[in-house]
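Asks: Contents of coords-v5.pdb (PDB, C-alpha atoms):
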ATOM      1  CA  MET A   1     -52.346 -32.631 -32.271
ATOM      2  CA  SER A   2     -53.136 -34.773 -35.336
ATOM      3  CA  LYS A   3     -56.121 -37.003 -34.742
ATOM      4  CA  LYS A   4     -55.686 -40.771 -35.068
ATOM      5  CA  LYS A   5     -58.221 -42.454 -37.316
ATOM      6  CA  ALA A   6     -59.557 -45.678 -35.850
ATOM      7  CA  VAL A   7     -62.254 -48.238 -36.491
ATOM      8  CA  VAL A   8     -63.763 -49.434 -33.214
ATOM      9  CA  SER A   9     -65.455 -52.834 -33.265
ATOM     10  CA  LEU A  10     -68.033 -53.402 -30.512
ATOM     11  CA  GLY A  11     -68.995 -56.887 -29.313
ATOM     12  CA  HIS A  12     -72.164 -58.222 -27.681
ATOM     13  CA  ASP A  13     -71.242 -56.856 -24.229
ATOM     14  CA  ALA A  14     -71.441 -53.324 -25.608
ATOM     15  CA  LEU A  15     -75.085 -53.767 -26.616
ATOM     16  CA  GLY A  16     -76.772 -56.308 -24.375
ATOM     17  CA  TYR A  17     -79.186 -58.934 -25.614
ATOM     18  CA  THR A  18     -82.638 -57.269 -25.480
ATOM     19  CA  THR A  19     -84.002 -53.825 -26.337
ATOM     20  CA  LEU A  20     -84.069 -52.811 -22.652
ATOM     21  CA  GLU A  21     -80.581 -54.204 -21.967
ATOM     22  CA  GLN A  22     -79.330 -52.334 -25.020
ATOM     23  CA  LYS A  23     -80.622 -48.986 -23.728
ATOM     24  CA  ASP A  24     -78.620 -49.423 -20.525
ATOM     25  CA  ALA A  25     -75.567 -50.979 -22.185
ATOM     26  CA  VAL A  26     -75.043 -48.254 -24.781
ATOM     27  CA  ARG A  27     -74.891 -45.599 -22.065
ATOM     28  CA  GLU A  28     -71.806 -47.359 -20.642
ATOM     29  CA  THR A  29     -70.469 -47.992 -24.137
ATOM     30  CA  ALA A  30     -70.837 -44.298 -24.936
ATOM     31  CA  LYS A  31     -68.540 -43.436 -22.019
ATOM     32  CA  ALA A  32     -65.771 -45.670 -23.409
ATOM     33  CA  LEU A  33     -66.217 -44.201 -26.897
ATOM     34  CA  ALA A  34     -66.210 -40.638 -25.528
ATOM     35  CA  ASP A  35     -62.946 -41.449 -23.725
ATOM     36  CA  LEU A  36     -61.442 -42.307 -27.113
ATOM     37  CA  VAL A  37     -62.681 -39.027 -28.589
ATOM     38  CA  GLU A  38     -61.037 -37.182 -25.694
ATOM     39  CA  ASN A  39     -57.838 -39.113 -26.469
ATOM     40  CA  GLU A  40     -57.798 -37.465 -29.913
ATOM     41  CA  TYR A  41     -59.314 -40.316 -31.908
ATOM     42  CA  SER A  42     -61.439 -39.793 -35.003
ATOM     43  CA  LEU A  43     -63.848 -42.732 -34.939
ATOM     44  CA  VAL A  44     -65.722 -45.068 -37.220
ATOM     45  CA  ILE A  45     -67.763 -47.494 -35.109
ATOM     46  CA  THR A  46     -68.996 -50.906 -36.141
ATOM     47  CA  HIS A  47     -70.844 -53.400 -33.983
ATOM     48  CA  SER A  48     -72.155 -56.942 -33.629
ATOM     49  CA  ASN A  49     -75.849 -57.709 -34.042
ATOM     50  CA  GLY A  50     -76.227 -61.443 -33.308
ATOM     51  CA  PRO A  51     -78.908 -61.223 -30.608
ATOM     52  CA  GLN A  52     -80.580 -58.263 -32.308
ATOM     53  CA  VAL A  53     -80.916 -59.781 -35.767
ATOM     54  CA  SER A  54     -82.038 -63.101 -34.242
ATOM     55  CA  MET A  55     -84.748 -61.264 -32.285
ATOM     56  CA  ILE A  56     -85.970 -59.491 -35.417
ATOM     57  CA  HIS A  57     -85.885 -62.707 -37.443
ATOM     58  CA  LYS A  58     -87.910 -64.515 -34.760
ATOM     59  CA  ALA A  59     -90.452 -61.703 -34.579
ATOM     60  CA  MET A  60     -90.944 -61.525 -38.337
ATOM     61  CA  THR A  61     -91.193 -65.327 -38.616
ATOM     62  CA  GLU A  62     -93.829 -65.419 -35.853
ATOM     63  CA  LEU A  63     -95.749 -62.589 -37.521
ATOM     64  CA  ARG A  64     -95.851 -64.613 -40.728
ATOM     65  CA  ARG A  65     -96.948 -67.729 -38.793
ATOM     66  CA  ILE A  66     -99.829 -65.936 -37.048
ATOM     67  CA  TYR A  67    -100.838 -63.780 -40.027
ATOM     68  CA  PRO A  68    -100.202 -65.814 -43.224
ATOM     69  CA  ASP A  69    -100.954 -62.784 -45.422
ATOM     70  CA  TYR A  70     -97.737 -61.123 -44.211
ATOM     71  CA  THR A  71     -94.573 -61.905 -46.130
ATOM     72  CA  ALA A  72     -91.688 -63.220 -44.013
ATOM     73  CA  ALA A  73     -88.766 -60.776 -43.920
ATOM     74  CA  PRO A  74     -85.584 -62.091 -45.589
ATOM     75  CA  MET A  75     -82.287 -62.025 -43.682
ATOM     76  CA  CYS A  76     -81.031 -58.954 -45.556
ATOM     77  CA  VAL A  77     -84.088 -56.973 -44.380
ATOM     78  CA  CYS A  78     -83.639 -58.204 -40.787
ATOM     79  CA  SER A  79     -80.012 -57.067 -40.971
ATOM     80  CA  ALA A  80     -81.077 -53.631 -42.204
ATOM     81  CA  MET A  81     -83.587 -53.331 -39.347
ATOM     82  CA  SER A  82     -80.928 -54.229 -36.781
ATOM     83  CA  GLN A  83     -78.488 -51.692 -38.219
ATOM     84  CA  GLY A  84     -81.109 -48.986 -37.915
ATOM     85  CA  TYR A  85     -82.187 -49.481 -34.329
ATOM     86  CA  VAL A  86     -78.760 -50.329 -32.916
ATOM     87  CA  GLY A  87     -77.249 -47.307 -34.659
ATOM     88  CA  TYR A  88     -80.095 -45.158 -33.337
ATOM     89  CA  ASP A  89     -79.315 -46.130 -29.738
ATOM     90  CA  ILE A  90     -75.530 -45.777 -30.072
ATOM     91  CA  GLN A  91     -75.620 -42.411 -31.802
ATOM     92  CA  ASN A  92     -78.063 -40.909 -29.312
ATOM     93  CA  ALA A  93     -76.177 -42.230 -26.270
ATOM     94  CA  LEU A  94     -72.797 -41.107 -27.614
ATOM     95  CA  LYS A  95     -74.087 -37.669 -28.628
ATOM     96  CA  ALA A  96     -75.501 -37.162 -25.108
ATOM     97  CA  GLU A  97     -72.281 -38.354 -23.441
ATOM     98  CA  LEU A  98     -70.141 -36.034 -25.569
ATOM     99  CA  LEU A  99     -72.386 -33.040 -24.853
ATOM    100  CA  SER A 100     -72.162 -33.779 -21.109
ATOM    101  CA  ARG A 101     -68.375 -33.377 -21.511
ATOM    102  CA  GLY A 102     -68.689 -30.149 -23.462
ATOM    103  CA  ILE A 103     -67.941 -31.760 -26.838
ATOM    104  CA  SER A 104     -70.215 -30.997 -29.793
ATOM    105  CA  LYS A 105     -69.831 -33.562 -32.552
ATOM    106  CA  THR A 106     -72.190 -34.993 -35.129
ATOM    107  CA  VAL A 107     -72.727 -38.748 -34.830
ATOM    108  CA  SER A 108     -74.227 -40.401 -37.911
ATOM    109  CA  THR A 109     -75.361 -43.925 -38.751
ATOM    110  CA  ILE A 110     -74.860 -45.122 -42.321
ATOM    111  CA  LEU A 111     -77.074 -47.974 -43.479
ATOM    112  CA  THR A 112     -74.305 -50.018 -45.064
ATOM    113  CA  GLN A 113     -74.382 -52.697 -47.754
ATOM    114  CA  VAL A 114     -71.474 -55.065 -48.392
ATOM    115  CA  THR A 115     -71.098 -57.091 -51.565
ATOM    116  CA  VAL A 116     -70.364 -60.816 -51.341
ATOM    117  CA  ASP A 117     -69.385 -63.415 -53.907
ATOM    118  CA  PRO A 118     -72.401 -65.622 -54.829
ATOM    119  CA  TYR A 119     -69.920 -68.472 -55.312
ATOM    120  CA  ASP A 120     -68.315 -68.063 -51.890
ATOM    121  CA  GLU A 121     -67.815 -71.506 -50.352
ATOM    122  CA  ALA A 122     -69.827 -70.402 -47.301
ATOM    123  CA  PHE A 123     -73.034 -70.578 -49.362
ATOM    124  CA  TYR A 124     -72.436 -74.297 -49.960
ATOM    125  CA  GLU A 125     -71.865 -75.069 -46.291
ATOM    126  CA  PRO A 126     -73.800 -72.599 -44.079
ATOM    127  CA  LYS A 127     -72.720 -72.610 -40.430
ATOM    128  CA  LYS A 128     -74.123 -69.445 -38.792
ATOM    129  CA  VAL A 129     -77.020 -70.440 -36.511
ATOM    130  CA  ILE A 130     -79.820 -67.876 -36.098
ATOM    131  CA  GLY A 131     -83.414 -67.536 -34.970
ATOM    132  CA  ARG A 132     -85.673 -69.457 -32.601
ATOM    133  CA  TYR A 133     -85.915 -73.204 -31.993
ATOM    134  CA  MET A 134     -88.360 -74.882 -34.344
ATOM    135  CA  THR A 135     -90.390 -78.087 -34.272
ATOM    136  CA  PRO A 136     -89.555 -80.874 -36.761
ATOM    137  CA  GLU A 137     -92.582 -79.816 -38.830
ATOM    138  CA  GLU A 138     -91.442 -76.185 -38.968
ATOM    139  CA  ALA A 139     -87.891 -77.269 -39.809
ATOM    140  CA  ALA A 140     -89.183 -79.419 -42.670
ATOM    141  CA  MET A 141     -91.113 -76.416 -43.997
ATOM    142  CA  GLU A 142     -87.927 -74.305 -43.941
ATOM    143  CA  GLU A 143     -86.066 -76.987 -45.861
ATOM    144  CA  ARG A 144     -88.837 -77.128 -48.466
ATOM    145  CA  LYS A 145     -88.287 -73.393 -48.967
ATOM    146  CA  GLY A 146     -84.607 -74.092 -49.695
ATOM    147  CA  ASN A 147     -83.274 -72.970 -46.292
ATOM    148  CA  TYR A 148     -80.828 -74.904 -44.135
ATOM    149  CA  VAL A 149     -81.558 -76.087 -40.594
ATOM    150  CA  VAL A 150     -79.559 -77.817 -37.874
ATOM    151  CA  GLU A 151     -80.797 -79.862 -34.917
ATOM    152  CA  SER A 152     -79.871 -79.099 -31.315
ATOM    153  CA  PRO A 153     -80.561 -82.396 -29.497
ATOM    154  CA  GLY A 154     -83.367 -82.020 -26.981
ATOM    155  CA  ARG A 155     -84.101 -78.418 -27.965
ATOM    156  CA  GLY A 156     -85.294 -78.459 -31.554
ATOM    157  CA  PHE A 157     -84.105 -77.145 -34.898
ATOM    158  CA  ARG A 158     -82.682 -73.745 -35.841
ATOM    159  CA  ARG A 159     -82.052 -72.080 -39.145
ATOM    160  CA  VAL A 160     -78.486 -71.860 -40.458
ATOM    161  CA  VAL A 161     -77.232 -69.210 -42.896
ATOM    162  CA  ALA A 162     -73.966 -68.619 -44.733
ATOM    163  CA  ALA A 163     -71.256 -66.247 -43.491
ATOM    164  CA  PRO A 164     -69.413 -65.248 -46.693
ATOM    165  CA  LYS A 165     -66.322 -63.043 -46.814
ATOM    166  CA  PRO A 166     -66.945 -59.324 -47.487
ATOM    167  CA  MET A 167     -65.863 -57.958 -50.865
ATOM    168  CA  GLU A 168     -66.707 -54.253 -51.253
ATOM    169  CA  ILE A 169     -68.345 -51.779 -48.843
ATOM    170  CA  VAL A 170     -70.908 -50.048 -51.047
ATOM    171  CA  GLU A 171     -71.260 -46.870 -48.977
ATOM    172  CA  LEU A 172     -67.500 -46.464 -48.365
ATOM    173  CA  PRO A 173     -67.269 -43.053 -50.115
ATOM    174  CA  ALA A 174     -69.980 -41.628 -47.833
ATOM    175  CA  ILE A 175     -68.286 -43.074 -44.725
ATOM    176  CA  ARG A 176     -64.932 -41.620 -45.789
ATOM    177  CA  THR A 177     -66.449 -38.196 -46.497
ATOM    178  CA  LEU A 178     -68.084 -37.992 -43.061
ATOM    179  CA  LEU A 179     -64.920 -39.217 -41.314
ATOM    180  CA  ASN A 180     -62.755 -36.654 -43.119
ATOM    181  CA  ASP A 181     -65.267 -33.982 -42.127
ATOM    182  CA  GLY A 182     -64.642 -34.764 -38.438
ATOM    183  CA  GLN A 183     -67.891 -36.608 -37.825
ATOM    184  CA  ILE A 184     -68.226 -39.831 -35.850
ATOM    185  CA  VAL A 185     -69.638 -42.536 -38.101
ATOM    186  CA  ILE A 186     -71.473 -45.762 -37.214
ATOM    187  CA  ALA A 187     -71.272 -48.117 -40.179
ATOM    188  CA  CYS A 188     -71.291 -51.764 -41.295
ATOM    189  CA  GLY A 189     -73.368 -52.747 -38.262
ATOM    190  CA  GLY A 190     -73.672 -56.507 -37.835
ATOM    191  CA  GLY A 191     -71.165 -56.996 -40.640
ATOM    192  CA  GLY A 192     -73.182 -54.917 -43.093
ATOM    193  CA  ILE A 193     -76.165 -55.953 -45.211
ATOM    194  CA  PRO A 194     -74.857 -58.708 -47.522
ATOM    195  CA  VAL A 195     -75.764 -58.048 -51.156
ATOM    196  CA  ILE A 196     -74.939 -59.610 -54.515
ATOM    197  CA  GLU A 197     -74.366 -57.505 -57.621
ATOM    198  CA  GLN A 198     -76.748 -58.328 -60.448
ATOM    199  CA  LYS A 199     -76.161 -56.014 -63.426
ATOM    200  CA  CYS A 200     -77.080 -52.566 -62.096
ATOM    201  CA  MET A 201     -78.930 -53.885 -59.046
ATOM    202  CA  LEU A 202     -77.925 -55.050 -55.591
ATOM    203  CA  LYS A 203     -79.883 -58.077 -54.389
ATOM    204  CA  GLY A 204     -79.954 -59.011 -50.700
ATOM    205  CA  ALA A 205     -78.306 -62.323 -49.832
ATOM    206  CA  SER A 206     -79.578 -64.845 -47.282
ATOM    207  CA  ALA A 207     -76.415 -64.559 -45.209
ATOM    208  CA  VAL A 208     -74.607 -62.662 -42.487
ATOM    209  CA  ILE A 209     -71.076 -61.232 -42.502
ATOM    210  CA  GLU A 210     -68.788 -61.692 -39.505
ATOM    211  CA  LYS A 211     -68.380 -58.442 -37.559
ATOM    212  CA  ASP A 212     -64.607 -58.804 -37.055
ATOM    213  CA  SER A 213     -64.061 -59.495 -40.743
ATOM    214  CA  ILE A 214     -65.871 -56.336 -41.855
ATOM    215  CA  ALA A 215     -64.148 -54.244 -39.146
ATOM    216  CA  SER A 216     -60.790 -55.271 -40.619
ATOM    217  CA  ARG A 217     -61.945 -54.453 -44.147
ATOM    218  CA  LEU A 218     -63.379 -51.098 -43.066
ATOM    219  CA  ALA A 219     -60.166 -50.111 -41.243
ATOM    220  CA  SER A 220     -57.936 -51.076 -44.176
ATOM    221  CA  ASP A 221     -60.151 -49.453 -46.825
ATOM    222  CA  LEU A 222     -60.133 -46.192 -44.829
ATOM    223  CA  GLN A 223     -56.365 -46.520 -44.200
ATOM    224  CA  CYS A 224     -56.963 -46.048 -40.479
ATOM    225  CA  ASP A 225     -54.105 -45.772 -37.992
ATOM    226  CA  GLU A 226     -55.705 -48.315 -35.666
ATOM    227  CA  LEU A 227     -58.226 -51.099 -35.429
ATOM    228  CA  ILE A 228     -59.617 -51.307 -31.895
ATOM    229  CA  ILE A 229     -61.538 -54.480 -31.052
ATOM    230  CA  LEU A 230     -63.500 -54.178 -27.807
ATOM    231  CA  THR A 231     -64.551 -57.547 -26.459
ATOM    232  CA  SER A 232     -65.191 -59.345 -23.164
ATOM    233  CA  VAL A 233     -61.556 -59.909 -22.098
ATOM    234  CA  GLU A 234     -58.916 -57.344 -21.139
ATOM    235  CA  GLN A 235     -56.086 -59.155 -22.925
ATOM    236  CA  VAL A 236     -55.639 -61.999 -25.394
ATOM    237  CA  MET A 237     -54.797 -65.165 -23.483
ATOM    238  CA  LEU A 238     -52.733 -68.194 -24.402
ATOM    239  CA  GLN A 239     -54.054 -71.514 -23.087
ATOM    240  CA  PHE A 240     -57.301 -69.736 -22.324
ATOM    241  CA  GLY A 241     -59.547 -71.476 -19.814
ATOM    242  CA  THR A 242     -56.743 -73.532 -18.265
ATOM    243  CA  PRO A 243     -54.728 -73.041 -15.026
ATOM    244  CA  GLU A 244     -51.762 -72.158 -17.242
ATOM    245  CA  ALA A 245     -53.594 -69.271 -18.957
ATOM    246  CA  GLU A 246     -51.167 -66.465 -19.813
ATOM    247  CA  PRO A 247     -51.992 -62.904 -20.974
ATOM    248  CA  VAL A 248     -50.203 -61.505 -24.015
ATOM    249  CA  ALA A 249     -49.401 -57.776 -23.969
ATOM    250  CA  SER A 250     -48.088 -57.655 -27.538
ATOM    251  CA  MET A 251     -47.444 -59.840 -30.551
ATOM    252  CA  THR A 252     -46.464 -59.533 -34.191
ATOM    253  CA  THR A 253     -48.505 -60.939 -37.056
ATOM    254  CA  THR A 254     -45.889 -63.683 -37.452
ATOM    255  CA  GLN A 255     -46.321 -64.683 -33.818
ATOM    256  CA  ALA A 256     -50.103 -64.459 -34.163
ATOM    257  CA  GLN A 257     -50.025 -66.806 -37.152
ATOM    258  CA  LYS A 258     -47.941 -69.290 -35.173
ATOM    259  CA  TYR A 259     -50.440 -69.158 -32.280
ATOM    260  CA  ILE A 260     -53.238 -69.869 -34.773
ATOM    261  CA  GLU A 261     -51.371 -72.886 -36.124
ATOM    262  CA  ASP A 262     -50.907 -74.094 -32.540
ATOM    263  CA  GLY A 263     -54.688 -73.908 -31.983
ATOM    264  CA  GLU A 264     -54.460 -71.254 -29.263
ATOM    265  CA  PHE A 265     -57.620 -69.342 -30.218
ATOM    266  CA  GLY A 266     -61.263 -70.481 -30.147
ATOM    267  CA  GLU A 267     -62.975 -70.649 -33.543
ATOM    268  CA  GLY A 268     -66.032 -68.665 -32.482
ATOM    269  CA  THR A 269     -64.331 -66.367 -29.978
ATOM    270  CA  MET A 270     -60.779 -65.014 -30.332
ATOM    271  CA  LEU A 271     -59.742 -66.585 -33.646
ATOM    272  CA  PRO A 272     -61.833 -64.251 -35.882
ATOM    273  CA  LYS A 273     -60.355 -61.229 -34.060
ATOM    274  CA  ILE A 274     -56.766 -62.376 -34.566
ATOM    275  CA  GLU A 275     -57.454 -63.168 -38.225
ATOM    276  CA  ALA A 276     -59.018 -59.722 -38.656
ATOM    277  CA  ALA A 277     -55.929 -58.128 -37.104
ATOM    278  CA  ILE A 278     -53.609 -59.983 -39.496
ATOM    279  CA  HIS A 279     -55.714 -59.018 -42.535
ATOM    280  CA  TYR A 280     -55.758 -55.329 -41.549
ATOM    281  CA  LEU A 281     -51.997 -55.218 -40.908
ATOM    282  CA  GLU A 282     -51.277 -56.836 -44.264
ATOM    283  CA  LYS A 283     -53.036 -53.857 -45.890
ATOM    284  CA  CYS A 284     -51.855 -51.203 -43.384
ATOM    285  CA  PRO A 285     -48.406 -52.354 -42.163
ATOM    286  CA  ASP A 286     -47.772 -49.117 -40.279
ATOM    287  CA  GLY A 287     -50.983 -49.466 -38.257
ATOM    288  CA  HIS A 288     -51.639 -51.448 -35.123
ATOM    289  CA  VAL A 289     -54.460 -53.419 -33.583
ATOM    290  CA  LEU A 290     -55.630 -53.159 -29.984
ATOM    291  CA  ILE A 291     -57.755 -55.914 -28.447
ATOM    292  CA  THR A 292     -59.172 -55.272 -24.986
ATOM    293  CA  ALA A 293     -62.325 -55.136 -22.893
ATOM    294  CA  LEU A 294     -64.819 -52.312 -23.306
ATOM    295  CA  SER A 295     -64.324 -51.299 -19.661
ATOM    296  CA  ALA A 296     -60.545 -51.110 -20.135
ATOM    297  CA  ALA A 297     -60.496 -49.092 -23.383
ATOM    298  CA  ASP A 298     -59.301 -45.820 -21.838
ATOM    299  CA  ARG A 299     -56.401 -47.504 -20.008
ATOM    300  CA  ALA A 300     -55.571 -49.639 -23.028
ATOM    301  CA  VAL A 301     -55.122 -46.737 -25.460
ATOM    302  CA  ARG A 302     -52.698 -45.248 -22.919
ATOM    303  CA  GLY A 303     -50.653 -48.453 -22.915
ATOM    304  CA  LYS A 304     -51.751 -49.656 -19.474
ATOM    305  CA  THR A 305     -53.430 -52.890 -20.567
ATOM    306  CA  GLY A 306     -54.798 -54.718 -23.614
ATOM    307  CA  THR A 307     -53.035 -56.663 -26.361
ATOM    308  CA  VAL A 308     -51.322 -54.779 -29.191
ATOM    309  CA  ILE A 309     -50.665 -56.526 -32.511
ATOM    310  CA  THR A 310     -48.243 -55.093 -35.083
ATOM    311  CA  LYS A 311     -46.849 -56.149 -38.458
TER     312      LYS A 311
END
Turn this file's structure into structure tokens for me.
Replies:
Amino acid sequence: MSKKKAVVSLGHDALGYTTLEQKDAVRETAKALADLVENEYSLVITHSNGPQVSMIHKAMTELRRIYPDYTAAPMCVCSAMSQGYVGYDIQNALKAELLSRGISKTVSTILTQVTVDPYDEAFYEPKKVIGRYMTPEEAAMEERKGNYVVESPGRGFRRVVAAPKPMEIVELPAIRTLLNDGQIVIACGGGGIPVIEQKCMLKGASAVIEKDSIASRLASDLQCDELIILTSVEQVMLQFGTPEAEPVASMTTTQAQKYIEDGEFGEGTMLPKIEAAIHYLEKCPDGHVLITALSAADRAVRGKTGTVITK
């Protein structure tokens, strides 16, 4: 049987919110991913990193506050750190789960950079909130350094960074080579490390890239058969959060666009996933997108649940 190539995008539920939670969470996540391997999928895995990169950013900021001789780590370095340790946990858990099922496969993590446009509008209006709550004095210091902050009434100030659109995945040839060799690849974690091209160099950008956006780009660049987005709900819902909430088993990109225009999807929740699905299907019209819960992945790929989006 010909294997189906798929990019699997993992949300926060797949990883937990602390290092200890992550250890436990990835063991369950590995079972869902191993189910896909047993269903004849060849996988590239990407994942969120919101809590992880925030934790690292907080830790490095506190280190700099306590020990002034240390240099604070920029966002691009925090992103690289999160890619490394999240990938480490996923690849070890998945390798162990596969071996327990009698499957021997190499699982590799690629530290992935993604180029962004320095003139992307997101840099002029940062919206992605990260890091710990700060005092007014600390917030003023951040602003003097040229960083953006936003106030949460009654709680303090937090740093805000840009979320530009991804342009090119720098390590794409390596990812493609490993995938074609039958390996399972973990790549573009947390959206990838955002970098700006400067002559022959890549310079880290003070930004983050949305996980769903890079999953779509990764799936289309690799010409995958499927984009599988594993999130916290089993199916996409219309009128979500109301008594009239209605699950959607399937939709076309035309229908999806109409739902967007009708304001059916939350800006920070389902909307980025639907937009990612549309972008992928524009590039790969013969593919399809599956959105479902991590716990329902095995049933969803067999057509028992989930929401399928097609061109």
Asks: Using only C-alpha atoms, find each residue in segment 125-202 of chain A having at least one atom no more than 8 Å away from segment 99-108 of chain A; report its shortest atom-to-atom pair and that distance in Å (one decimal), rows by chain then rising number, as a tab-separated table.
Replies:
residue	atom	partner	partner_atom	distance
A:Gly182	CA	A:Lys105	CA	7.9
A:Gln183	CA	A:Thr106	CA	5.3
A:Ile184	CA	A:Val107	CA	4.7
A:Val185	CA	A:Ser108	CA	5.1
A:Ile186	CA	A:Ser108	CA	6.1
Asks: Let me know the residues the PyMOL selection byres ((chain A and resi 61) around 10) catches in the file above, as a short mmCIF file (atom, residue, chain, number, x, y, z; two decimals) with C-alpha atoms, in the coordinates of the input.
Replies:
data_model
loop_
_atom_site.label_atom_id
_atom_site.label_comp_id
_atom_site.auth_asym_id
_atom_site.auth_seq_id
_atom_site.Cartn_x
_atom_site.Cartn_y
_atom_site.Cartn_z
CA MET A 55 -84.75 -61.26 -32.28
CA ILE A 56 -85.97 -59.49 -35.42
CA HIS A 57 -85.88 -62.71 -37.44
CA LYS A 58 -87.91 -64.52 -34.76
CA ALA A 59 -90.45 -61.70 -34.58
CA MET A 60 -90.94 -61.52 -38.34
CA GLU A 62 -93.83 -65.42 -35.85
CA LEU A 63 -95.75 -62.59 -37.52
CA ARG A 64 -95.85 -64.61 -40.73
CA ARG A 65 -96.95 -67.73 -38.79
CA ILE A 66 -99.83 -65.94 -37.05
CA TYR A 67 -100.84 -63.78 -40.03
CA TYR A 70 -97.74 -61.12 -44.21
CA THR A 71 -94.57 -61.90 -46.13
CA ALA A 72 -91.69 -63.22 -44.01
CA ALA A 73 -88.77 -60.78 -43.92
CA PRO A 74 -85.58 -62.09 -45.59
CA GLY A 131 -83.41 -67.54 -34.97
CA ARG A 132 -85.67 -69.46 -32.60
#
Asks: Give me the residues near Asn49 of chain A as a list in words, where near means some atom within 7 Å (using all atoms listed in the file) and where sequence neighbours in that chain fewer than 2 positions away do not count.
Replies: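 Selected residues are His47, Pro51, Gln52, Val53, Ser82, Gly189 and Gly190 of chain A.
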Asks: Would you kindly translate the PyMOL selection byres ((chain A and resi 204-207) around 6) into the concrete residues it picks from this file, as a list in words?
Replies: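 Evaluating the PyMOL selection byres ((chain A and resi 204-207) around 6) on this file yields Met75, Cys76, Val161, Ala162, Ala163, Pro194, Val195, Lys203 and Val208 of chain A.
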Asks: Can you pull out every residue within 10 Å of segment 146-158 of chain A, counting all atoms listed in the file, but drop anything in the same chain fewer than 3 positions away, and send it as a ChimeraX atom specification?
Replies: /A:125-127,129-143,161-162,206
Asks: Report as a list in words all protein, DNA and RNA residues lying within 10 Å of Ile175 of chain A, evaluated on only C-alpha atoms, omitting residues in the same chain fewer than 3 positions from it.
Replies: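 So, after excluding close chain neighbours, the residues are Val44, Ser108, Thr109, Ile110, Thr112, Ile169, Val170, Glu171, Leu172, Leu178, Leu179, Asn180, Asp181, Gln183, Ile184, Val185, Ile186, Ala187, Cys188, Leu218 and Leu222 of chain A.
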Asks: Can you work out the spacing between atom CA of Met167 of chain A and atom CA of Met201 of chain A in Å, to one decimal?
Replies: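 Answer for the atom CA of Met167 of chain A to atom CA of Met201 of chain A separation: 15.9 Å.
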Asks: Could you tell me how far atom CA of Ala297 of chain A sits from atom CA of Val26 of chain A, in Å to one decimal place?
Replies: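 Taking atom CA of Val26 of chain A as the start and atom CA of Ala297 of chain A as the end point, the length is 14.6 Å.
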Asks: Using all atoms listed in the file, which of A:Ala96, A:Leu33, A:Val160, A:Leu281 sits nearest Ala219 of chain A?
Replies: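 Closest candidate: A:Leu281.
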Asks: Record the distance separating atom CA of Gln198 of chain A and atom CA of Pro118 of chain A, expressed in Å with one decimal.
Replies: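 Here the two named atoms are 10.2 Å from each other.
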Asks: Name every residue that the PyMOL selection byres ((chain A and resi 117) around 9) selects in this structure, writing the answer as a VMD selection string with chains first and numbers rising.
Replies: chain A and resid 115 to 116 118 to 121 164 to 167 195 to 197
Asks: Taking all atoms listed in the file into account, name the residue in A:Leu98, A:Ile193, A:Ile260, A:Cys284 that is nearest to Val114 of chain A.
Replies: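 The shortest atom-to-atom distance to Val114 of chain A comes from A:Ile193.
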Asks: Check the smallest atom-to-atom distance from each of A:Gln113, A:Met237, A:Gly192, A:Leu290 to Arg302 of chain A using only C-alpha atoms, then report the winner.
Replies: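 The closest residue to Arg302 of chain A is A:Leu290.
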Asks: I need the residue nearest Glu38 of chain A from this list: A:Asp298, A:Lys304, A:Ala93, A:Leu202. Use only C-alpha atoms for the distance.
Replies: A:Asp298
